[in-house]
$ cat upload28.cif   # mmCIF, C-alpha atoms
data_start
#
loop_
_atom_site.label_atom_id
_atom_site.label_comp_id
_atom_site.auth_asym_id
_atom_site.auth_seq_id
_atom_site.Cartn_x
_atom_site.Cartn_y
_atom_site.Cartn_z
CA MET A 120 -3.42 -54.98 -122.19
CA GLN A 121 -3.17 -52.28 -119.54
CA ASN A 122 0.39 -51.54 -118.42
CA ALA A 123 1.75 -53.98 -120.99
CA ILE A 124 5.39 -53.66 -121.82
CA PRO A 125 6.47 -54.21 -125.44
CA PHE A 126 7.53 -57.79 -125.89
CA GLY A 127 11.03 -56.83 -126.84
CA GLN A 128 11.81 -55.68 -123.32
CA PRO A 129 11.23 -58.20 -120.54
CA LEU A 130 12.34 -56.99 -117.14
CA SER A 131 15.57 -58.44 -115.82
CA MET A 132 16.19 -59.25 -112.19
CA THR A 133 18.78 -56.46 -112.08
CA SER A 134 16.33 -53.75 -113.04
CA VAL A 135 13.81 -54.93 -110.44
CA ALA A 136 16.43 -55.08 -107.71
CA THR A 137 17.28 -51.49 -108.52
CA GLU A 138 13.65 -50.54 -108.47
CA ALA A 139 13.02 -51.78 -104.92
CA LYS A 140 16.14 -52.38 -102.81
CA LEU A 141 14.40 -53.96 -99.88
CA LYS A 142 16.44 -57.16 -99.60
CA PRO A 143 20.03 -56.90 -98.37
CA GLN A 144 22.62 -58.95 -100.20
CA VAL A 145 24.66 -61.43 -98.18
CA SER A 146 28.38 -60.74 -98.36
CA PRO A 147 30.95 -63.56 -98.58
CA GLU A 148 32.14 -62.62 -95.10
CA LYS A 149 28.66 -63.01 -93.76
CA GLN A 150 28.32 -66.39 -95.46
CA THR A 151 31.57 -67.51 -93.86
CA GLN A 152 30.35 -66.40 -90.45
CA GLU A 153 27.10 -68.28 -90.92
CA ARG A 154 29.00 -71.41 -91.87
CA ASP A 155 31.17 -71.04 -88.76
CA TRP A 156 28.05 -70.76 -86.62
CA ALA A 157 26.69 -73.91 -88.23
CA LEU A 158 29.90 -75.80 -87.54
CA ALA A 159 29.90 -74.63 -83.93
CA ALA A 160 26.27 -75.61 -83.56
CA GLN A 161 27.12 -79.08 -84.88
CA LYS A 162 29.52 -79.41 -81.96
CA GLY A 163 26.80 -78.53 -79.46
CA ASP A 164 27.09 -74.75 -79.26
CA ARG A 165 23.47 -73.72 -78.83
CA ALA A 166 24.35 -70.02 -78.75
CA ALA A 167 25.80 -70.37 -82.23
CA PHE A 168 22.59 -72.01 -83.40
CA MET A 169 20.56 -69.12 -81.95
CA HIS A 170 22.71 -66.74 -84.03
CA LEU A 171 21.58 -68.72 -87.06
CA VAL A 172 17.97 -68.39 -85.95
CA ASP A 173 18.49 -64.63 -85.71
CA ALA A 174 20.05 -64.49 -89.15
CA PHE A 175 17.56 -66.68 -90.99
CA GLN A 176 14.26 -66.19 -89.20
CA ARG A 177 13.02 -63.71 -91.77
CA PRO A 178 13.86 -65.72 -94.92
CA VAL A 179 12.47 -68.90 -93.35
CA TYR A 180 9.34 -67.21 -92.07
CA ASN A 181 8.79 -65.50 -95.40
CA LEU A 182 8.97 -68.80 -97.24
CA CYS A 183 6.52 -70.42 -94.80
CA TYR A 184 4.17 -67.46 -95.05
CA ARG A 185 4.19 -67.39 -98.84
CA MET A 186 3.65 -71.16 -98.94
CA LEU A 187 0.96 -71.50 -96.28
CA GLY A 188 -0.78 -68.16 -96.62
CA ASP A 189 -1.51 -67.83 -92.92
CA ALA A 190 0.59 -65.83 -90.44
CA PRO A 191 0.06 -68.00 -87.32
CA GLU A 192 0.61 -71.18 -89.31
CA ALA A 193 3.71 -69.68 -90.86
CA GLU A 194 5.06 -68.84 -87.40
CA ASP A 195 4.54 -72.44 -86.29
CA ALA A 196 6.08 -73.82 -89.47
CA ALA A 197 9.09 -71.52 -89.16
CA GLN A 198 9.67 -72.60 -85.57
CA GLU A 199 9.33 -76.23 -86.56
CA THR A 200 11.84 -75.69 -89.37
CA PHE A 201 14.46 -74.50 -86.93
CA LEU A 202 13.72 -77.30 -84.51
CA ARG A 203 14.16 -79.84 -87.27
CA ALA A 204 17.33 -78.14 -88.37
CA TYR A 205 18.65 -78.37 -84.82
CA THR A 206 18.04 -82.10 -84.61
CA LYS A 207 19.48 -82.67 -88.08
CA LEU A 208 22.58 -80.52 -87.75
CA ASP A 209 24.79 -83.55 -88.08
CA THR A 210 23.47 -83.99 -91.65
CA TYR A 211 24.43 -80.45 -92.70
CA ASN A 212 27.28 -80.37 -95.21
CA PRO A 213 29.48 -77.29 -94.63
CA THR A 214 30.28 -77.10 -98.35
CA ARG A 215 26.66 -76.16 -98.93
CA LYS A 216 25.24 -72.73 -98.14
CA PHE A 217 23.37 -72.84 -94.86
CA SER A 218 20.60 -70.72 -96.37
CA SER A 219 20.02 -73.34 -99.06
CA TRP A 220 19.91 -76.11 -96.47
CA ILE A 221 17.49 -74.41 -94.09
CA LEU A 222 15.22 -73.28 -96.93
CA SER A 223 15.18 -76.87 -98.14
CA ILE A 224 13.91 -78.03 -94.75
CA ALA A 225 11.30 -75.25 -94.71
CA SER A 226 10.16 -76.00 -98.26
CA HIS A 227 9.67 -79.70 -97.69
CA TYR A 228 7.90 -79.12 -94.39
CA CYS A 229 5.49 -76.63 -95.95
CA ILE A 230 4.88 -78.85 -98.97
CA ASP A 231 4.01 -81.71 -96.61
CA ARG A 232 1.66 -79.49 -94.63
CA LEU A 233 -0.07 -78.33 -97.77
CA ARG A 234 -0.52 -81.91 -98.91
CA GLN A 235 -1.90 -82.87 -95.51
CA ARG A 236 -4.36 -80.05 -95.86
CA ARG A 237 -5.51 -81.83 -99.03
CA HIS A 238 -5.26 -78.45 -100.59
CA GLN A 239 -6.65 -78.51 -104.03
CA THR A 240 -5.86 -75.93 -106.64
CA VAL A 241 -8.79 -73.58 -106.61
CA SER A 242 -10.22 -71.09 -108.95
CA TRP A 243 -10.11 -67.42 -108.13
CA ASP A 244 -13.76 -67.37 -107.11
CA GLU A 245 -13.28 -70.13 -104.53
CA LEU A 246 -10.45 -68.44 -102.64
CA PRO A 247 -11.14 -67.72 -98.95
CA PRO A 248 -10.52 -64.29 -97.45
CA TRP A 249 -6.92 -63.58 -96.60
CA ARG A 250 -5.98 -64.98 -93.18
CA GLY A 251 -3.79 -62.96 -90.90
CA VAL A 252 -1.34 -60.34 -92.02
CA PRO A 253 2.29 -60.58 -90.96
CA ALA A 254 4.63 -57.67 -90.52
CA LEU A 255 5.61 -56.43 -93.94
CA GLU A 256 8.03 -53.98 -92.36
CA PRO A 257 7.25 -50.54 -93.81
CA GLN A 258 10.27 -49.17 -95.60
CA PRO A 259 11.41 -45.55 -95.74
CA GLU A 260 11.02 -45.54 -99.48
CA GLU A 261 7.67 -46.11 -101.07
CA ALA A 262 6.62 -49.75 -101.05
CA ALA A 263 6.77 -51.48 -104.41
CA LEU A 264 3.26 -52.88 -104.01
CA THR A 265 0.21 -51.86 -102.04
CA ARG A 266 -1.20 -54.23 -99.44
CA GLU A 267 -4.04 -55.07 -101.79
CA ALA A 268 -1.57 -56.01 -104.49
CA HIS A 269 0.26 -58.25 -102.02
CA HIS A 270 -3.05 -59.93 -101.25
CA ALA A 271 -3.63 -60.44 -104.95
CA VAL A 272 -0.21 -62.07 -105.28
CA HIS A 273 -1.04 -64.43 -102.44
CA ALA A 274 -4.37 -65.27 -103.95
CA LEU A 275 -2.60 -66.13 -107.20
CA LEU A 276 -0.09 -68.28 -105.31
CA ASP A 277 -2.99 -70.15 -103.72
CA THR A 278 -3.99 -71.41 -107.16
CA LEU A 279 -0.70 -73.31 -107.55
CA PRO A 280 0.06 -76.89 -106.44
CA PRO A 281 2.62 -77.07 -103.60
CA ASP A 282 5.59 -78.04 -105.80
CA TYR A 283 4.92 -75.24 -108.29
CA ARG A 284 4.34 -72.78 -105.49
CA ALA A 285 7.66 -73.58 -103.82
CA ALA A 286 9.62 -73.17 -107.07
CA THR A 287 7.88 -69.87 -107.81
CA ILE A 288 8.55 -68.48 -104.33
CA LEU A 289 12.20 -69.49 -104.42
CA ARG A 290 12.59 -67.85 -107.82
CA TYR A 291 10.90 -64.52 -107.09
CA TRP A 292 11.55 -63.94 -103.39
CA TYR A 293 15.02 -65.44 -103.12
CA GLU A 294 16.28 -64.97 -106.71
CA LEU A 295 17.75 -68.47 -106.69
CA SER A 296 19.09 -69.89 -109.93
CA TYR A 297 17.55 -72.98 -111.48
CA ASP A 298 20.41 -75.05 -110.06
CA GLU A 299 19.89 -73.65 -106.58
CA ILE A 300 16.15 -74.20 -106.69
CA ALA A 301 16.71 -77.77 -107.88
CA GLU A 302 19.14 -78.37 -105.01
CA THR A 303 16.76 -76.85 -102.47
CA LEU A 304 13.78 -78.88 -103.65
CA GLU A 305 15.92 -81.99 -104.28
CA THR A 306 14.94 -82.39 -107.90
CA THR A 307 16.39 -81.78 -111.37
CA VAL A 308 16.91 -78.54 -113.27
CA SER A 309 14.62 -79.70 -116.06
CA ALA A 310 11.89 -80.36 -113.50
CA ILE A 311 12.30 -76.82 -112.17
CA LYS A 312 12.10 -75.36 -115.68
CA SER A 313 8.90 -77.30 -116.24
CA ARG A 314 7.39 -76.27 -112.90
CA LEU A 315 8.13 -72.58 -113.43
CA PHE A 316 6.71 -72.72 -116.94
CA ARG A 317 3.52 -74.44 -115.81
CA ALA A 318 3.26 -72.15 -112.78
CA ARG A 319 3.48 -69.05 -114.97
CA GLN A 320 0.84 -70.44 -117.29
CA MET A 321 -1.50 -71.07 -114.37
CA LEU A 322 -0.77 -67.68 -112.80
CA ALA A 323 -1.37 -65.89 -116.07
CA GLU A 324 -4.72 -67.61 -116.52
CA ALA A 325 -5.75 -66.84 -112.94
CA ALA A 326 -4.63 -63.22 -113.24
CA GLN A 327 -6.56 -62.78 -116.45
CA GLN A 328 -9.65 -64.30 -114.85
CA ALA A 329 -9.37 -61.90 -111.91
CA ASP A 330 -8.19 -58.95 -113.98
CA VAL A 331 -5.03 -58.53 -111.90
CA HIS A 332 -2.28 -56.29 -113.25
CA PRO A 333 1.01 -54.99 -111.88
CA PRO A 334 1.11 -51.33 -110.88
CA ALA A 335 1.99 -48.79 -113.56
CA SER A 336 5.69 -48.09 -114.01
CA ARG A 337 6.85 -44.82 -112.52
CA MET B 261 3.41 -78.49 -131.27
CA THR B 262 5.50 -75.56 -132.33
CA GLU B 263 3.53 -73.20 -130.11
CA ASP B 264 4.29 -75.28 -127.01
CA ARG B 265 7.99 -75.14 -127.79
CA PHE B 266 7.85 -71.38 -128.01
CA THR B 267 5.66 -70.83 -124.97
CA GLU B 268 8.13 -72.84 -122.88
CA LYS B 269 10.87 -70.57 -124.15
CA ILE B 270 8.93 -67.51 -123.02
CA SER B 271 9.33 -68.71 -119.43
CA LEU B 272 13.05 -69.24 -119.95
CA TRP B 273 13.37 -65.81 -121.56
CA LEU B 274 11.79 -64.20 -118.51
CA ASP B 275 14.59 -65.76 -116.45
CA ASP B 276 17.38 -64.74 -118.87
CA GLN B 277 18.00 -68.37 -119.70
CA LEU B 278 17.97 -68.11 -123.52
CA GLU B 279 20.94 -67.64 -125.78
CA ALA B 280 20.98 -64.62 -128.08
CA ARG B 281 19.98 -66.56 -131.21
CA GLU B 282 17.09 -68.19 -129.31
CA VAL B 283 15.84 -64.75 -128.25
CA VAL B 284 15.91 -63.58 -131.86
CA GLU B 285 14.02 -66.70 -132.96
CA LEU B 286 11.43 -66.24 -130.23
CA LYS B 287 10.88 -62.57 -131.02
CA GLN B 288 10.35 -63.41 -134.66
CA HIS B 289 7.77 -66.01 -133.71
CA LEU B 290 5.97 -63.64 -131.33
CA ALA B 291 5.70 -61.07 -134.13
CA GLU B 292 3.89 -63.67 -136.25
CA CYS B 293 1.82 -65.66 -133.71
CA ALA B 294 -1.02 -63.89 -131.92
CA THR B 295 -1.64 -66.81 -129.55
CA CYS B 296 1.94 -66.92 -128.34
CA ARG B 297 1.99 -63.13 -128.12
CA GLN B 298 -1.02 -63.25 -125.84
CA THR B 299 0.67 -65.93 -123.75
CA TYR B 300 3.79 -63.81 -123.52
CA GLU B 301 1.85 -60.74 -122.40
CA GLY B 302 0.06 -62.74 -119.70
CA MET B 303 3.24 -64.31 -118.37
CA GLN B 304 5.10 -61.04 -118.57
CA GLN B 305 2.44 -59.23 -116.56
CA VAL B 306 2.55 -61.91 -113.86
CA ASP B 307 6.32 -61.89 -113.92
CA ARG B 308 6.42 -58.14 -113.31
CA LEU B 309 3.86 -58.37 -110.51
CA PHE B 310 5.77 -61.15 -108.76
CA ARG B 311 9.14 -59.47 -109.14
CA LEU B 312 7.73 -56.42 -107.41
CA ALA B 313 6.16 -58.59 -104.69
CA GLY B 314 9.38 -60.52 -104.32
CA ALA B 315 11.22 -57.39 -103.26
CA THR B 316 9.64 -57.62 -99.79
CA LEU B 317 10.19 -60.35 -97.22
CA ALA B 318 7.54 -60.97 -94.59
CA ALA B 319 8.86 -60.94 -91.03
CA PRO B 320 7.70 -62.88 -87.94
CA ALA B 321 6.37 -61.12 -84.86
CA PRO B 322 9.09 -59.79 -82.51
CA GLY B 323 10.61 -62.33 -80.15
CA PHE B 324 10.82 -65.17 -82.64
CA THR B 325 14.30 -66.23 -81.55
CA ARG B 326 13.19 -66.31 -77.92
CA ARG B 327 10.23 -68.50 -78.82
CA VAL B 328 12.43 -70.96 -80.71
CA GLU B 329 14.85 -71.09 -77.81
CA ALA B 330 11.98 -71.81 -75.42
CA ARG B 331 10.84 -74.74 -77.55
CA LEU B 332 14.37 -76.10 -77.74
CA ALA B 333 14.77 -75.93 -73.97
CA GLN B 334 11.43 -77.48 -73.16
CA PRO B 335 10.92 -81.05 -72.51
CA LEU B 336 12.67 -84.28 -71.83
CA GLN B 337 16.31 -83.92 -71.03
CA LEU B 338 18.48 -86.89 -71.81
CA TRP B 339 18.68 -87.97 -68.19
CA GLN B 340 14.92 -88.13 -67.96
CA LEU B 341 14.75 -90.41 -70.96
CA GLY B 342 17.57 -92.51 -69.54
CA LEU B 343 15.78 -92.85 -66.24
CA ALA B 344 12.62 -93.93 -68.02
CA ALA B 345 14.60 -96.47 -70.03
CA VAL B 346 16.26 -97.92 -66.91
CA ALA B 347 12.93 -98.16 -65.13
CA LEU B 348 11.40 -99.91 -68.10
CA LEU B 349 14.34 -102.28 -68.42
CA LEU B 350 14.41 -103.17 -64.73
CA GLY B 351 10.68 -103.65 -64.65
CA SER B 352 10.79 -105.87 -67.69
CA LEU B 353 13.67 -107.90 -66.30
CA PHE B 354 11.94 -108.28 -62.94
CA PHE B 355 8.80 -109.56 -64.59
CA ILE B 356 10.63 -111.88 -66.94
CA GLY B 357 12.91 -113.01 -64.12
CA ALA B 358 9.95 -113.85 -61.95
CA VAL B 359 8.35 -115.83 -64.75
CA ALA B 360 11.65 -117.57 -65.46
CA PHE B 361 12.23 -118.31 -61.79
CA PHE B 362 8.92 -119.96 -61.20
CA GLY B 363 9.12 -121.63 -64.56
CA GLY B 364 12.59 -122.85 -63.60
CA LEU B 365 11.26 -124.21 -60.34
CA THR B 366 8.64 -126.18 -62.21
CA LEU B 367 11.28 -127.58 -64.56
CA VAL B 368 13.56 -128.36 -61.65
CA ASN B 369 10.89 -130.37 -59.95
CA LEU B 370 10.22 -132.26 -63.14
CA SER B 371 13.83 -132.94 -64.04
CA ASN B 372 15.41 -133.26 -60.56
CA SER B 373 17.86 -130.49 -61.37
CA LEU B 374 20.54 -129.04 -59.11
CA LEU B 375 18.29 -126.41 -57.59
CA ASP B 376 15.57 -128.19 -55.66
CA THR B 377 12.79 -126.15 -54.08
CA GLY B 378 13.45 -127.65 -50.70
CA LEU B 379 17.16 -127.04 -51.00
CA LEU B 380 16.44 -123.43 -51.98
CA PHE B 381 14.40 -122.72 -48.88
CA GLN B 382 16.85 -124.66 -46.71
CA GLY B 383 19.65 -122.57 -48.08
CA LEU B 384 17.79 -119.36 -47.35
CA VAL B 385 17.11 -120.44 -43.75
CA THR B 386 20.77 -121.40 -43.28
CA VAL B 387 21.91 -118.03 -44.57
CA ILE B 388 19.53 -116.10 -42.37
CA ASP B 389 20.49 -118.10 -39.24
CA SER B 390 24.23 -117.73 -39.77
CA ALA B 391 26.03 -115.33 -37.44
CA ASP B 392 29.18 -115.27 -39.54
CA THR B 393 28.98 -112.28 -41.91
CA ALA B 394 31.57 -113.55 -44.35
CA ARG B 395 29.96 -116.94 -44.66
CA TYR B 396 26.60 -115.14 -44.87
CA LEU B 397 27.69 -113.12 -47.83
CA TRP B 398 29.37 -116.11 -49.44
CA SER B 399 26.28 -118.23 -49.03
CA MET B 400 24.04 -115.51 -50.46
CA GLY B 401 26.34 -115.12 -53.41
CA ALA B 402 26.39 -118.85 -54.00
CA LEU B 403 22.62 -118.95 -53.78
CA PHE B 404 22.20 -116.22 -56.37
CA LEU B 405 24.74 -117.84 -58.64
CA ARG B 406 22.95 -121.14 -58.48
CA THR B 407 19.62 -119.40 -59.14
CA SER B 408 21.07 -117.50 -62.06
CA PHE B 409 22.64 -120.65 -63.45
CA VAL B 410 19.29 -122.31 -63.59
CA THR B 411 17.50 -119.21 -64.82
CA ILE B 412 19.80 -118.56 -67.73
CA GLN B 413 19.29 -122.09 -68.89
CA GLN B 414 15.65 -121.30 -69.48
CA PRO B 415 14.93 -120.13 -73.03
CA VAL B 416 12.09 -117.97 -71.74
CA PHE B 417 14.67 -115.87 -69.88
CA TRP B 418 16.51 -114.93 -73.08
CA LEU B 419 13.26 -114.34 -74.85
CA GLY B 420 12.19 -112.01 -72.08
CA LEU B 421 15.54 -110.19 -72.05
CA GLY B 422 15.38 -109.63 -75.79
CA LEU B 423 11.83 -108.40 -75.47
CA ALA B 424 12.86 -105.96 -72.74
CA ILE B 425 15.68 -104.58 -74.88
CA ILE B 426 13.34 -104.10 -77.83
CA LEU B 427 10.75 -102.43 -75.63
CA THR B 428 13.36 -100.05 -74.24
CA TRP B 429 14.56 -99.14 -77.73
CA LEU B 430 10.98 -98.52 -78.84
CA TRP B 431 10.35 -96.39 -75.78
CA LEU B 432 13.32 -94.16 -76.54
CA ARG B 433 12.33 -93.83 -80.20
CA VAL B 434 8.78 -92.87 -79.27
CA MET B 435 10.02 -90.25 -76.83
CA GLN B 436 12.37 -88.89 -79.48
CA LEU B 437 9.61 -88.65 -82.06
CA LEU B 438 7.24 -87.01 -79.60
CA SER B 439 9.74 -84.40 -78.54
CA GLN B 440 11.41 -83.98 -81.97
CA ARG B 441 14.16 -82.12 -80.32
CA ALA B 442 17.28 -82.84 -78.31
CA THR B 443 19.40 -81.02 -75.81
CA ALA B 444 22.40 -81.24 -78.10
CA PRO B 445 22.83 -82.23 -81.72
CA ALA B 446 23.03 -85.95 -82.49
CA ASP B 447 21.42 -86.89 -79.20
CA LEU B 448 19.26 -89.98 -79.18
CA MET B 449 20.59 -91.17 -82.50
CA LEU B 450 19.57 -94.75 -81.99
#
$ encode --input "upload28.cif" --output "structure tokens"
Amino acid sequence: MQNAIPFGQPLSMTSVATEAKLKPQVSPEKQTQERDWALAAQKGDRAAFMHLVDAFQRPVYNLCYRMLGDAPEAEDAAQETFLRAYTKLDTYNPTRKFSSWILSIASHYCIDRLRQRRHQTVSWDELPPWRGVPALEPQPEEAALTREAHHAVHALLDTLPPDYRAATILRYWYELSYDEIAETLETTVSAIKSRLFRARQMLAEAAQQADVHPPASR
Amino acid sequence: MTEDRFTEKISLWLDDQLEAREVVELKQHLAECATCRQTYEGMQQVDRLFRLAGATLAAPAPGFTRRVEARLAQPLQLWQLGLAAVALLLGSLFFIGAVAFFGGLTLVNLSNSLLDTGLLFQGLVTVIDSADTARYLWSMGALFLRTSFVTIQQPVFWLGLGLAIILTWLWLRVMQLLSQRATAPADLML
């Protein structure tokens, strides 16, 4: 297979993070500050909540965009996520990472929207044209994927059921562990293992059908 | 099937979830099984593609925070909902009170109760004619007390009051669901 890597050498997350350092890591100090904002927001400090919106708008929007596949719909879903978070602040447990909590709200909201859409898993040939393109913030260094490759990734995601799609997005875009994904999606670790396995099977079949390959290694 | 067991492990291997001995076992199997090897290559290709895609986060259009803030600030402050609730409650009580009053009058006539229709009107005339303010106020108070005493003895009054309370609660819940936001956390937690 073109660009195949010998099966003795699967890529690790570390090597990919080195390859394209486009996502900043959150320091412990930053996490503490975010928790403080959340606690202040729980006491009615709206300015503190707006700091949280500033800090998490991109991760939340990204999740909504990858789930829903439509930029305007993702914008609406992201806004709705924050509104729901605001009304549910009293349920936030400070021992939990705020990022995990807000992504949980976003995930469930997007899963519900997809189910309301009565979205059926579709074959590659049935996929509609890509709808709306959000800002993918051009980076100084060369982008890891071309726009066409990003579209191909989204088309592959569209073939997955909502639950599988959410687990896949949380794994690849947020590098969450199995435990963290299970906590975010409010399910068990074994369920997450099963979803990721089935998702990869389905993605591999769809990619083979459409002859999609990753770019050549540099 | 043995192949299913190994293909599931391929997914775990891609996430560095296998122990060393399991990796060795899997590699040995992949060297012998063409089907599993093909499965591995397919999953590995997808895994690489998605890891590269996962390095980039999509961003919303500029001004997102401002838009969220605008939606938070929008409709239905707590005082507006409170005013609506009071209006609904008073209106319900007025209606139920009117029904209870006239119903009470009917019962009074039938049972020769304390509050007789004629006495009621006579009392009102007496109060209106009186030039003494203190006695005026006392008489009015006595009249209302006697009216209330009869009214609260009517089961329909309590039924109406309960209905009004339920309607008010439903009204507030509907407004909360429609707005799905509050001016401060934990507002409207009914």
$ resolve_selection --input "upload28.cif" --expression "the PyMOL selection byres ((chain B) within 7 of (chain A))" --output "number ranges by chain"
B: 268, 271, 274, 301-303, 305-306, 308-321, 325, 328, 332, 441-442, 444-446
$ atom_distance --input "upload28.cif" --atom1 "CA of Arg154 (chain A)" --atom2 "CA of Ile300 (chain A)"
19.8 Å
$ atom_distance --input "upload28.cif" --atom1 "CA of Leu290 (chain B)" --atom2 "CA of Ser309 (chain A)"
23.8 Å
$ atom_distance --input "upload28.cif" --atom1 "CA of Leu423 (chain B)" --atom2 "CA of Thr411 (chain B)"
16.2 Å
$ closest_residue --input "upload28.cif" --among "A:Ala301, A:Leu233, A:Val308, A:Ala167" --to "Leu279 (chain A)" --atoms "only C-alpha atoms"
A:Leu233
$ axis_aligned_box --input "upload28.cif" --around "region 319-330 of chain A" --padding-each-side "4 Å" --output "AutoDock Vina command-line options"
--center_x -3.1 --center_y -65.0 --center_z -114.6 --size_x 21.1 --size_y 20.1 --size_z 13.4
$ residues_near_point --input "upload28.cif" --point "(7.3, -67.2, -127.1)" --cutoff "10 Å" --atoms "only C-alpha atoms" --output "ChimeraX atom specification"
/A:126 /B:263-273,283,285-291,293,295-301
$ resolve_selection --input "upload28.cif" --expression "the PyMOL selection byres ((chain A and resi 226) around 10)" --output "PyMOL selection string"
chain A and resi 179+182-183+186+196+200+220-225+227-232+281-282+284-286+288-289+303-304
